[in-house]
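Novice: Before I ask anything, let me first share the structure, which is written out below as structure tokens.
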Amino acid sequence: MRLAVTSDIHIDKNGPGALAALAARVRTLEPDVLVLAGDVATSPTTLLETFLALRAAAPRVVYVAGNHDVWSHPEQVARGQHAWWRLDELLPALCREAGVDCLDAAGVEIDGVGFVGTLGWYDLSMKDEALGAPDEAYTRGEFHGLKWMDHVYAVFPGEDGRPMAPWAVADRLRSRLQAQLRACVAPRVVALTHMVAFDEQLHHKPHPGWRFCQAFIGHRGLGDVLRADPRVCLAVAGHTHTPSDLRFGGLRAVVSPLGYRGEWLGRPTEEAVAAAVALVEV
Ligand SMILES: [Fe+2]
Ligand SMILES: [Fe+2]
């Protein structure tokens, strides 16, 4: 099976030209399945337009949400349109309308290959301990004048209506991934997470702000779940805008993000898009 793998296409930031270039590229590659590992857009209109355009370019599209896809403004949160609502209701409905398989809602089997997935969430397990930032900085998501915006826009209310702690969100989403794997009967499985699942996928930079942000990039527990199931032959992640292609025994772990236009090093759209779509055979 031929997969075209990408993530972090951020169409509301990169614009319709990036979407057109991506759809054209996918059409040229003729994959059996397009794998989309989150951070498509925040606007529901842009999300739907993107799903429709990409679904028209590939016979199947499997998707997990990114953190940007579950962002809401405070007035939307006050109306009940919080991150859980977006993850469990809005995004699956938009995917249904476009004919895209939303793995956050349910795993799927395509031609004998199981596809499971989750947005996942950060639990601070990947934080840079040597930085020595105080716990309180991680709780507030603020350090050295830098604010991690998920703390403002990704609000996951708990039973009591108050925002859940990130590690509680991470635990719940990891459990959902485990449940999908248990329900899957396919002999080979492709797993998608938006959050990074393995330390080796982190991109280290010396700036203290960057080192601080590392805490919000991934969740080691997701990697533990994937490594514990020998059927998982491919793990696709996003969120970090640094590509990687790693192997852990029989498990291949791929990150192939487009990222923001400002990260394209001056390359034209078509070139950046071509580099952002990895072809993977499973
Ligand atoms: Fe992203
Ligand atoms: Fe992200």
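Here, A, B, ... name the chains of the structure tokens in the order displayed, residue numbers run from 1 inside each chain, and ligands are numbered from 1 in the same displayed order.
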If we count only C-alpha atoms and set the cut-off at 8 Å, which residues sit around Ala18 of chain A, ignoring sequence neighbours fewer than 4 positions away in its own chain? Please answer as a list in words.
Specialist: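 Near Ala18 of chain A, the qualifying residues are Ile11, Asn14, Leu22, Thr269, Glu270 and Val273 of chain A.
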Novice: Can you pull out the residues contacting Val40 of chain A? Cut-off 9 Å, using only C-alpha atoms, and skip same-chain residues under 6 positions away; I want them as a list of chain:residue names.
Specialist: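 Final neighbour list, sorted by chain and number: A:Ser7, A:Asp8, A:Ile9, A:His10, A:Ile11, A:Asp12, A:Thr46, A:Leu47, A:Thr50, A:Phe51, A:Ala65, A:Gly66, A:His68, A:Asp69.
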Novice: Residues contacting ligand 2 - anything with an atom at most 6 Å away, using only C-alpha atoms and all ligand atoms - can you give me those as number ranges by chain?
Specialist: A: 39, 66-67, 239
Novice: Produce a file of the selected residues containing C-alpha atoms, as a short mmCIF file (atom, residue, chain, number, x, y, z; two decimals), in the first residue's frame.
Specialist:
data_model
loop_
_atom_site.label_atom_id
_atom_site.label_comp_id
_atom_site.auth_asym_id
_atom_site.auth_seq_id
_atom_site.Cartn_x
_atom_site.Cartn_y
_atom_site.Cartn_z
CA ASP A 39 -2.64 21.08 12.18
CA GLY A 66 -3.67 18.91 15.54
CA ASN A 67 -3.66 21.29 18.47
CA HIS A 239 3.48 19.03 15.64
#
Novice: Which segment 133-178 of chain A residues have any atom within 10 Å of an atom of segment 89-104 of chain A, and for each, what is the nearest pair of atoms with distance in Å to one decimal, counting only C-alpha atoms, rows sorted by chain and number, as JSON lines?
Specialist:
{"residue": "A:Leu173", "atom": "CA", "partner": "A:Asp104", "partner_atom": "CA", "distance": 8.9}
{"residue": "A:Arg176", "atom": "CA", "partner": "A:Asp104", "partner_atom": "CA", "distance": 8.4}
{"residue": "A:Leu177", "atom": "CA", "partner": "A:Asp104", "partner_atom": "CA", "distance": 8.6}
Novice: Keeping only C-alpha atoms, write those residues as a PDB file, in the first residue's frame.
Specialist:
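This went into again.pdb:
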ATOM      1  CA  LEU A 173      -6.143  10.379  24.628  1.00  0.00           C
ATOM      2  CA  ARG A 176      -8.325   6.064  23.490  1.00  0.00           C
ATOM      3  CA  LEU A 177      -5.379   5.020  21.309  1.00  0.00           C
TER       4      LEU A 177
END
Novice: Which parts of segment 19-232 of chain A does DSSP call helix (DSSP H, G or I) when run on the backbone here, written out as a short mmCIF file (atom, residue, chain, number, x, y, z; two decimals) with N, CA and C atoms, in the first residue's frame?
Specialist:
data_model
loop_
_atom_site.label_atom_id
_atom_site.label_comp_id
_atom_site.auth_asym_id
_atom_site.auth_seq_id
_atom_site.Cartn_x
_atom_site.Cartn_y
_atom_site.Cartn_z
N LEU A 19 -2.70 25.04 -0.48
CA LEU A 19 -3.64 23.92 -0.60
C LEU A 19 -3.69 23.42 -2.04
N ALA A 20 -3.76 24.35 -2.99
CA ALA A 20 -3.81 23.95 -4.41
C ALA A 20 -2.55 23.19 -4.79
N ALA A 21 -1.40 23.67 -4.33
CA ALA A 21 -0.13 23.00 -4.63
C ALA A 21 -0.08 21.62 -4.00
N LEU A 22 -0.60 21.51 -2.77
CA LEU A 22 -0.59 20.22 -2.07
C LEU A 22 -1.52 19.22 -2.78
N ALA A 23 -2.71 19.68 -3.15
CA ALA A 23 -3.66 18.79 -3.84
C ALA A 23 -3.04 18.32 -5.16
N ALA A 24 -2.39 19.21 -5.88
CA ALA A 24 -1.77 18.84 -7.16
C ALA A 24 -0.65 17.82 -6.93
N ARG A 25 0.13 18.04 -5.89
CA ARG A 25 1.25 17.13 -5.59
C ARG A 25 0.72 15.73 -5.24
N VAL A 26 -0.31 15.70 -4.42
CA VAL A 26 -0.88 14.41 -4.01
C VAL A 26 -1.43 13.68 -5.24
N ARG A 27 -2.10 14.41 -6.10
CA ARG A 27 -2.65 13.82 -7.34
C ARG A 27 -1.53 13.17 -8.17
N THR A 28 -0.40 13.89 -8.27
CA THR A 28 0.74 13.38 -9.05
C THR A 28 1.30 12.09 -8.44
N LEU A 29 1.34 12.02 -7.12
CA LEU A 29 1.94 10.86 -6.45
C LEU A 29 1.04 9.62 -6.49
N PRO A 44 -13.36 26.40 10.83
CA PRO A 44 -14.12 25.26 10.30
C PRO A 44 -14.30 25.33 8.79
N THR A 45 -14.49 26.54 8.25
CA THR A 45 -14.67 26.68 6.80
C THR A 45 -13.41 26.23 6.07
N THR A 46 -12.26 26.67 6.55
CA THR A 46 -10.99 26.27 5.92
C THR A 46 -10.74 24.78 6.10
N LEU A 47 -11.08 24.26 7.27
CA LEU A 47 -10.93 22.81 7.50
C LEU A 47 -11.73 22.03 6.46
N LEU A 48 -12.99 22.41 6.27
CA LEU A 48 -13.85 21.66 5.33
C LEU A 48 -13.33 21.81 3.90
N GLU A 49 -12.98 23.04 3.51
CA GLU A 49 -12.45 23.25 2.15
C GLU A 49 -11.20 22.40 1.92
N THR A 50 -10.36 22.32 2.92
CA THR A 50 -9.11 21.56 2.79
C THR A 50 -9.41 20.06 2.69
N PHE A 51 -10.30 19.57 3.56
CA PHE A 51 -10.65 18.15 3.50
C PHE A 51 -11.23 17.80 2.13
N LEU A 52 -12.12 18.66 1.60
CA LEU A 52 -12.75 18.38 0.30
C LEU A 52 -11.70 18.35 -0.81
N ALA A 53 -10.79 19.34 -0.79
CA ALA A 53 -9.78 19.43 -1.86
C ALA A 53 -8.84 18.23 -1.82
N LEU A 54 -8.45 17.80 -0.62
CA LEU A 54 -7.50 16.69 -0.52
C LEU A 54 -8.18 15.35 -0.79
N ARG A 55 -9.43 15.25 -0.38
CA ARG A 55 -10.17 14.01 -0.64
C ARG A 55 -10.41 13.84 -2.15
N ASN A 67 -3.25 20.35 17.42
CA ASN A 67 -3.66 21.29 18.47
C ASN A 67 -4.34 22.53 17.88
N HIS A 68 -3.86 23.01 16.73
CA HIS A 68 -4.49 24.19 16.12
C HIS A 68 -5.91 23.91 15.65
N ASP A 69 -6.19 22.65 15.35
CA ASP A 69 -7.51 22.27 14.85
C ASP A 69 -8.55 22.24 15.99
N VAL A 70 -8.09 22.25 17.24
CA VAL A 70 -9.04 22.22 18.37
C VAL A 70 -9.06 23.55 19.14
N PRO A 74 -12.19 32.33 23.66
CA PRO A 74 -12.89 32.21 24.95
C PRO A 74 -14.41 32.33 24.83
N GLU A 75 -14.91 33.20 23.93
CA GLU A 75 -16.38 33.33 23.81
C GLU A 75 -17.00 32.06 23.20
N GLN A 76 -16.23 31.35 22.37
CA GLN A 76 -16.72 30.07 21.83
C GLN A 76 -16.73 29.01 22.94
N VAL A 77 -15.68 29.03 23.76
CA VAL A 77 -15.61 28.09 24.89
C VAL A 77 -16.81 28.31 25.80
N ALA A 78 -17.16 29.58 26.02
CA ALA A 78 -18.31 29.91 26.88
C ALA A 78 -19.61 29.36 26.30
N ALA A 83 -12.37 22.48 23.24
CA ALA A 83 -11.53 21.53 22.50
C ALA A 83 -12.16 20.14 22.43
N TRP A 84 -12.81 19.68 23.50
CA TRP A 84 -13.47 18.35 23.42
C TRP A 84 -14.57 18.37 22.37
N TRP A 85 -15.34 19.48 22.33
CA TRP A 85 -16.43 19.59 21.35
C TRP A 85 -15.86 19.56 19.94
N ARG A 86 -14.76 20.25 19.73
CA ARG A 86 -14.16 20.26 18.39
C ARG A 86 -13.63 18.87 18.03
N LEU A 87 -12.96 18.23 18.99
CA LEU A 87 -12.34 16.92 18.73
C LEU A 87 -13.39 15.82 18.53
N ASP A 88 -14.44 15.85 19.34
CA ASP A 88 -15.40 14.73 19.34
C ASP A 88 -16.62 15.00 18.48
N GLU A 89 -16.90 16.25 18.13
CA GLU A 89 -18.11 16.54 17.35
C GLU A 89 -17.81 17.28 16.06
N LEU A 90 -17.21 18.46 16.16
CA LEU A 90 -17.03 19.28 14.96
C LEU A 90 -16.14 18.60 13.92
N LEU A 91 -14.94 18.18 14.32
CA LEU A 91 -14.00 17.63 13.33
C LEU A 91 -14.52 16.32 12.70
N PRO A 92 -15.08 15.37 13.51
CA PRO A 92 -15.65 14.18 12.86
C PRO A 92 -16.78 14.53 11.89
N ALA A 93 -17.59 15.56 12.21
CA ALA A 93 -18.69 15.94 11.31
C ALA A 93 -18.14 16.52 10.01
N LEU A 94 -17.13 17.38 10.10
CA LEU A 94 -16.53 17.95 8.88
C LEU A 94 -15.90 16.86 8.03
N CYS A 95 -15.22 15.91 8.69
CA CYS A 95 -14.60 14.79 7.97
C CYS A 95 -15.66 13.95 7.26
N ARG A 96 -16.75 13.66 7.97
CA ARG A 96 -17.84 12.87 7.37
C ARG A 96 -18.34 13.56 6.11
N GLU A 97 -18.54 14.88 6.21
CA GLU A 97 -19.06 15.64 5.07
C GLU A 97 -18.12 15.55 3.87
N ALA A 98 -16.81 15.48 4.14
CA ALA A 98 -15.82 15.49 3.05
C ALA A 98 -15.40 14.08 2.63
N GLU A 129 14.76 18.87 31.37
CA GLU A 129 14.99 19.00 32.82
C GLU A 129 16.17 19.92 33.11
N ALA A 130 17.19 19.87 32.22
CA ALA A 130 18.41 20.65 32.45
C ALA A 130 18.17 22.16 32.36
N LEU A 131 17.05 22.56 31.78
CA LEU A 131 16.75 23.99 31.66
C LEU A 131 16.48 24.60 33.03
N ASP A 135 8.31 24.62 38.03
CA ASP A 135 7.05 23.92 37.70
C ASP A 135 5.95 24.91 37.35
N GLU A 136 5.97 26.02 38.08
CA GLU A 136 4.91 27.02 37.90
C GLU A 136 4.92 27.60 36.49
N ALA A 137 6.10 27.68 35.87
CA ALA A 137 6.20 28.17 34.49
C ALA A 137 5.50 27.20 33.54
N TYR A 138 5.65 25.89 33.81
CA TYR A 138 4.98 24.90 32.95
C TYR A 138 3.48 24.92 33.16
N THR A 139 3.06 25.16 34.41
CA THR A 139 1.62 25.22 34.70
C THR A 139 0.98 26.39 33.96
N ARG A 140 1.69 27.53 33.95
CA ARG A 140 1.14 28.71 33.27
C ARG A 140 1.48 28.72 31.77
N ASP A 150 -1.41 27.09 23.42
CA ASP A 150 -2.40 26.04 23.74
C ASP A 150 -3.02 26.30 25.11
N HIS A 151 -2.26 26.94 26.00
CA HIS A 151 -2.77 27.21 27.34
C HIS A 151 -3.91 28.22 27.30
N VAL A 152 -4.00 28.98 26.21
CA VAL A 152 -5.06 29.98 26.06
C VAL A 152 -6.21 29.42 25.22
N TYR A 153 -5.87 28.77 24.12
CA TYR A 153 -6.90 28.44 23.11
C TYR A 153 -7.35 26.98 23.09
N PRO A 166 -2.99 19.34 31.39
CA PRO A 166 -2.53 18.72 30.15
C PRO A 166 -2.26 17.22 30.29
N TRP A 167 -1.70 16.78 31.43
CA TRP A 167 -1.36 15.36 31.58
C TRP A 167 -2.63 14.51 31.69
N ALA A 168 -3.72 15.11 32.21
CA ALA A 168 -4.99 14.36 32.27
C ALA A 168 -5.57 14.21 30.87
N VAL A 169 -5.46 15.27 30.05
CA VAL A 169 -5.90 15.19 28.65
C VAL A 169 -5.04 14.14 27.93
N ALA A 170 -3.74 14.19 28.17
CA ALA A 170 -2.81 13.25 27.52
C ALA A 170 -3.15 11.81 27.88
N ASP A 171 -3.45 11.55 29.17
CA ASP A 171 -3.81 10.21 29.63
C ASP A 171 -5.06 9.70 28.93
N ARG A 172 -6.07 10.59 28.85
CA ARG A 172 -7.33 10.18 28.23
C ARG A 172 -7.12 9.82 26.76
N LEU A 173 -6.33 10.63 26.06
CA LEU A 173 -6.14 10.38 24.63
C LEU A 173 -5.25 9.16 24.39
N ARG A 174 -4.30 8.92 25.29
CA ARG A 174 -3.50 7.70 25.18
C ARG A 174 -4.39 6.46 25.40
N SER A 175 -5.31 6.55 26.35
CA SER A 175 -6.23 5.43 26.59
C SER A 175 -7.11 5.17 25.37
N ARG A 176 -7.52 6.24 24.71
CA ARG A 176 -8.33 6.06 23.49
C ARG A 176 -7.52 5.34 22.41
N LEU A 177 -6.24 5.68 22.31
CA LEU A 177 -5.38 5.02 21.31
C LEU A 177 -5.25 3.53 21.64
N GLN A 178 -5.05 3.22 22.93
CA GLN A 178 -4.96 1.81 23.35
C GLN A 178 -6.25 1.06 23.03
N ALA A 179 -7.38 1.73 23.26
CA ALA A 179 -8.68 1.08 22.99
C ALA A 179 -8.82 0.82 21.49
N GLN A 180 -8.37 1.74 20.66
CA GLN A 180 -8.45 1.53 19.20
C GLN A 180 -7.57 0.35 18.78
N LEU A 181 -6.38 0.26 19.37
CA LEU A 181 -5.50 -0.86 19.04
C LEU A 181 -6.12 -2.18 19.47
N ARG A 182 -6.76 -2.19 20.64
CA ARG A 182 -7.42 -3.42 21.11
C ARG A 182 -8.55 -3.83 20.17
N ALA A 183 -9.26 -2.82 19.64
CA ALA A 183 -10.41 -3.11 18.78
C ALA A 183 -9.99 -3.51 17.36
N ASP A 199 11.25 10.55 21.87
CA ASP A 199 12.25 11.60 22.17
C ASP A 199 13.14 11.90 20.97
N GLU A 200 13.46 10.84 20.22
CA GLU A 200 14.39 10.99 19.09
C GLU A 200 13.83 11.92 18.01
N GLN A 201 12.52 12.19 18.05
CA GLN A 201 11.91 13.07 17.05
C GLN A 201 12.00 14.54 17.44
N PRO A 208 16.62 29.33 25.23
CA PRO A 208 15.84 28.87 26.40
C PRO A 208 14.35 28.76 26.13
N GLY A 209 13.81 29.68 25.33
CA GLY A 209 12.38 29.63 25.00
C GLY A 209 12.05 28.36 24.25
N TRP A 210 12.89 27.98 23.31
CA TRP A 210 12.69 26.75 22.54
C TRP A 210 12.80 25.54 23.45
N ARG A 211 13.83 25.56 24.32
CA ARG A 211 14.01 24.42 25.23
C ARG A 211 12.79 24.26 26.14
N PHE A 212 12.20 25.40 26.52
CA PHE A 212 10.99 25.37 27.35
C PHE A 212 9.83 24.73 26.57
N CYS A 213 9.69 25.14 25.30
CA CYS A 213 8.56 24.66 24.48
C CYS A 213 8.61 23.16 24.21
N GLN A 214 9.80 22.58 24.33
CA GLN A 214 9.95 21.14 24.13
C GLN A 214 8.97 20.34 25.01
N ALA A 215 8.62 20.90 26.16
CA ALA A 215 7.70 20.22 27.07
C ALA A 215 6.31 20.03 26.47
N PHE A 216 5.98 20.88 25.49
CA PHE A 216 4.62 20.88 24.93
C PHE A 216 4.55 20.21 23.56
N ARG A 220 5.75 10.78 25.75
CA ARG A 220 6.46 9.50 25.65
C ARG A 220 5.53 8.30 25.76
N GLY A 221 4.47 8.44 26.54
CA GLY A 221 3.52 7.33 26.74
C GLY A 221 2.91 6.87 25.43
N LEU A 222 2.76 7.78 24.47
CA LEU A 222 2.22 7.38 23.16
C LEU A 222 3.20 6.42 22.48
N GLY A 223 4.48 6.76 22.55
CA GLY A 223 5.50 5.90 21.97
C GLY A 223 5.54 4.54 22.64
N ASP A 224 5.35 4.51 23.97
CA ASP A 224 5.34 3.24 24.70
C ASP A 224 4.20 2.35 24.20
N VAL A 225 3.03 2.96 23.98
CA VAL A 225 1.86 2.20 23.50
C VAL A 225 2.15 1.64 22.11
N LEU A 226 2.76 2.45 21.25
CA LEU A 226 3.00 2.02 19.87
C LEU A 226 4.07 0.93 19.81
N ARG A 227 5.10 1.09 20.64
CA ARG A 227 6.19 0.10 20.62
C ARG A 227 5.76 -1.23 21.22
#
Novice: What does the distance between atom CA of Arg2 of chain A and atom CA of Arg261 of chain A come to in Å, to one decimal place?
Specialist: 27.4 Å
Novice: Which residues, written as a ChimeraX atom specification, have at least one atom at most 12 Å from Glu109 of chain A, with only C-alpha atoms counted and residues fewer than 2 positions away on the same chain left out?
Specialist: /A:33,60,62,101,103,106-107,111-116,180-181,183-191
Novice: Just asking: which residues within segment 10-143 of chain A are strand (DSSP E) according to DSSP, as a PDB file with N, CA and C atoms, in the first residue's frame?
Specialist:
ATOM      1  N   VAL A  33      -3.568   6.013  -0.035  1.00  0.00           N
ATOM      2  CA  VAL A  33      -4.103   6.726   1.136  1.00  0.00           C
ATOM      3  C   VAL A  33      -3.245   7.968   1.395  1.00  0.00           C
ATOM      4  N   LEU A  34      -3.901   9.095   1.636  1.00  0.00           N
ATOM      5  CA  LEU A  34      -3.202  10.295   2.115  1.00  0.00           C
ATOM      6  C   LEU A  34      -3.308  10.320   3.633  1.00  0.00           C
ATOM      7  N   VAL A  35      -2.168  10.445   4.294  1.00  0.00           N
ATOM      8  CA  VAL A  35      -2.097  10.456   5.758  1.00  0.00           C
ATOM      9  C   VAL A  35      -1.811  11.889   6.218  1.00  0.00           C
ATOM     10  N   LEU A  36      -2.725  12.408   7.021  1.00  0.00           N
ATOM     11  CA  LEU A  36      -2.681  13.825   7.405  1.00  0.00           C
ATOM     12  C   LEU A  36      -2.620  13.893   8.936  1.00  0.00           C
ATOM     13  N   VAL A  61      -8.434   9.400   2.607  1.00  0.00           N
ATOM     14  CA  VAL A  61      -7.662  10.336   3.435  1.00  0.00           C
ATOM     15  C   VAL A  61      -7.916   9.961   4.890  1.00  0.00           C
ATOM     16  N   VAL A  62      -6.831   9.710   5.654  1.00  0.00           N
ATOM     17  CA  VAL A  62      -6.981   9.478   7.099  1.00  0.00           C
ATOM     18  C   VAL A  62      -6.350  10.665   7.824  1.00  0.00           C
ATOM     19  N   TYR A  63      -6.997  11.074   8.921  1.00  0.00           N
ATOM     20  CA  TYR A  63      -6.628  12.343   9.561  1.00  0.00           C
ATOM     21  C   TYR A  63      -6.714  12.209  11.066  1.00  0.00           C
ATOM     22  N   ASP A 101     -11.560  10.009   6.697  1.00  0.00           N
ATOM     23  CA  ASP A 101     -11.644   9.188   7.908  1.00  0.00           C
ATOM     24  C   ASP A 101     -10.971   9.900   9.070  1.00  0.00           C
ATOM     25  N   CYS A 102     -11.767  10.292  10.046  1.00  0.00           N
ATOM     26  CA  CYS A 102     -11.255  10.993  11.227  1.00  0.00           C
ATOM     27  C   CYS A 102     -10.883   9.941  12.269  1.00  0.00           C
ATOM     28  N   VAL A 108      -9.889   2.629  11.466  1.00  0.00           N
ATOM     29  CA  VAL A 108     -10.498   2.155  10.232  1.00  0.00           C
ATOM     30  C   VAL A 108      -9.556   1.118   9.627  1.00  0.00           C
ATOM     31  N   GLU A 109     -10.110   0.188   8.847  1.00  0.00           N
ATOM     32  CA  GLU A 109      -9.263  -0.779   8.139  1.00  0.00           C
ATOM     33  C   GLU A 109      -9.395  -0.542   6.642  1.00  0.00           C
ATOM     34  N   ILE A 110      -8.261  -0.426   5.956  1.00  0.00           N
ATOM     35  CA  ILE A 110      -8.260  -0.205   4.508  1.00  0.00           C
ATOM     36  C   ILE A 110      -7.397  -1.294   3.873  1.00  0.00           C
ATOM     37  N   VAL A 113      -5.045  -3.195   6.130  1.00  0.00           N
ATOM     38  CA  VAL A 113      -4.161  -2.426   7.023  1.00  0.00           C
ATOM     39  C   VAL A 113      -5.034  -1.614   7.979  1.00  0.00           C
ATOM     40  N   GLY A 114      -4.742  -1.735   9.273  1.00  0.00           N
ATOM     41  CA  GLY A 114      -5.479  -0.963  10.272  1.00  0.00           C
ATOM     42  C   GLY A 114      -4.882   0.433  10.404  1.00  0.00           C
ATOM     43  N   PHE A 115      -5.740   1.431  10.558  1.00  0.00           N
ATOM     44  CA  PHE A 115      -5.289   2.803  10.816  1.00  0.00           C
ATOM     45  C   PHE A 115      -5.926   3.251  12.126  1.00  0.00           C
ATOM     46  N   VAL A 116      -5.068   3.626  13.089  1.00  0.00           N
ATOM     47  CA  VAL A 116      -5.555   4.128  14.373  1.00  0.00           C
ATOM     48  C   VAL A 116      -4.908   5.482  14.603  1.00  0.00           C
ATOM     49  N   GLY A 117      -5.484   6.263  15.519  1.00  0.00           N
ATOM     50  CA  GLY A 117      -4.825   7.549  15.734  1.00  0.00           C
ATOM     51  C   GLY A 117      -5.503   8.429  16.750  1.00  0.00           C
ATOM     52  N   THR A 118      -4.743   9.394  17.170  1.00  0.00           N
ATOM     53  CA  THR A 118      -5.236  10.388  18.125  1.00  0.00           C
ATOM     54  C   THR A 118      -4.428  11.676  17.988  1.00  0.00           C
ATOM     55  N   GLU A 142       4.290  29.750  30.514  1.00  0.00           N
ATOM     56  CA  GLU A 142       4.995  31.010  30.250  1.00  0.00           C
ATOM     57  C   GLU A 142       6.401  30.979  30.807  1.00  0.00           C
ATOM     58  N   PHE A 143       7.355  31.425  29.990  1.00  0.00           N
ATOM     59  CA  PHE A 143       8.756  31.423  30.426  1.00  0.00           C
ATOM     60  C   PHE A 143       9.542  32.377  29.536  1.00  0.00           C
TER      61      PHE A 143
END
Novice: Any idea what's packed within 12 Å of Leu202 of chain A, counting only C-alpha atoms, ignoring anything in its chain fewer than 3 positions away? Could you give it as a ChimeraX atom specification?
Specialist: /A:126-128,195-199,205,210-211,213-220,237-246,255
Novice: Which residue, A:Ser72, A:Ser43, A:Gln81, A:Thr6, has the smallest gap to ligand 1 when you use only C-alpha atoms and all ligand atoms?
Specialist: A:Thr6
Novice: Nearest to ligand 1: which of A:Leu192, A:Leu146, A:Leu3, A:Leu258 is it, counting only C-alpha atoms and all ligand atoms?
Specialist: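 When distances to ligand 1 are compared using only C-alpha atoms and all ligand atoms, the smallest one comes from A:Leu258.
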Novice: Counting only C-alpha atoms and all ligand atoms, figure out which residue out of A:Arg252, A:Ala58, A:Pro16, A:Tyr260 gets nearest to ligand 1.
Specialist: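 That would be A:Tyr260, the residue with the smallest distance to ligand 1.
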Novice: Closest to ligand 1 among A:Lys13, A:Asp32, A:Lys147, A:Val254, using only C-alpha atoms and all ligand atoms?
Specialist: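 So, comparing all the options, the nearest one is A:Lys13.
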Novice: Determine the nearest neighbour of ligand 1 from the options A:His194, A:His73, A:His144, A:Arg162, counting only C-alpha atoms and all ligand atoms.
Specialist: A:His194
Novice: Considering only C-alpha atoms and all ligand atoms, state which residue in the set A:Pro257, A:Arg247, A:Gly266, A:Glu271 is at the smallest distance from ligand 1.
Specialist: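 Using only C-alpha atoms and all ligand atoms, the shortest distance to ligand 1 belongs to A:Pro257.
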Novice: So how many Å separate atom CA of Ala275 of chain A and atom CA of Glu263 of chain A, to one decimal?
Specialist: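 Distance reported for this atom pair: 12.5 Å.
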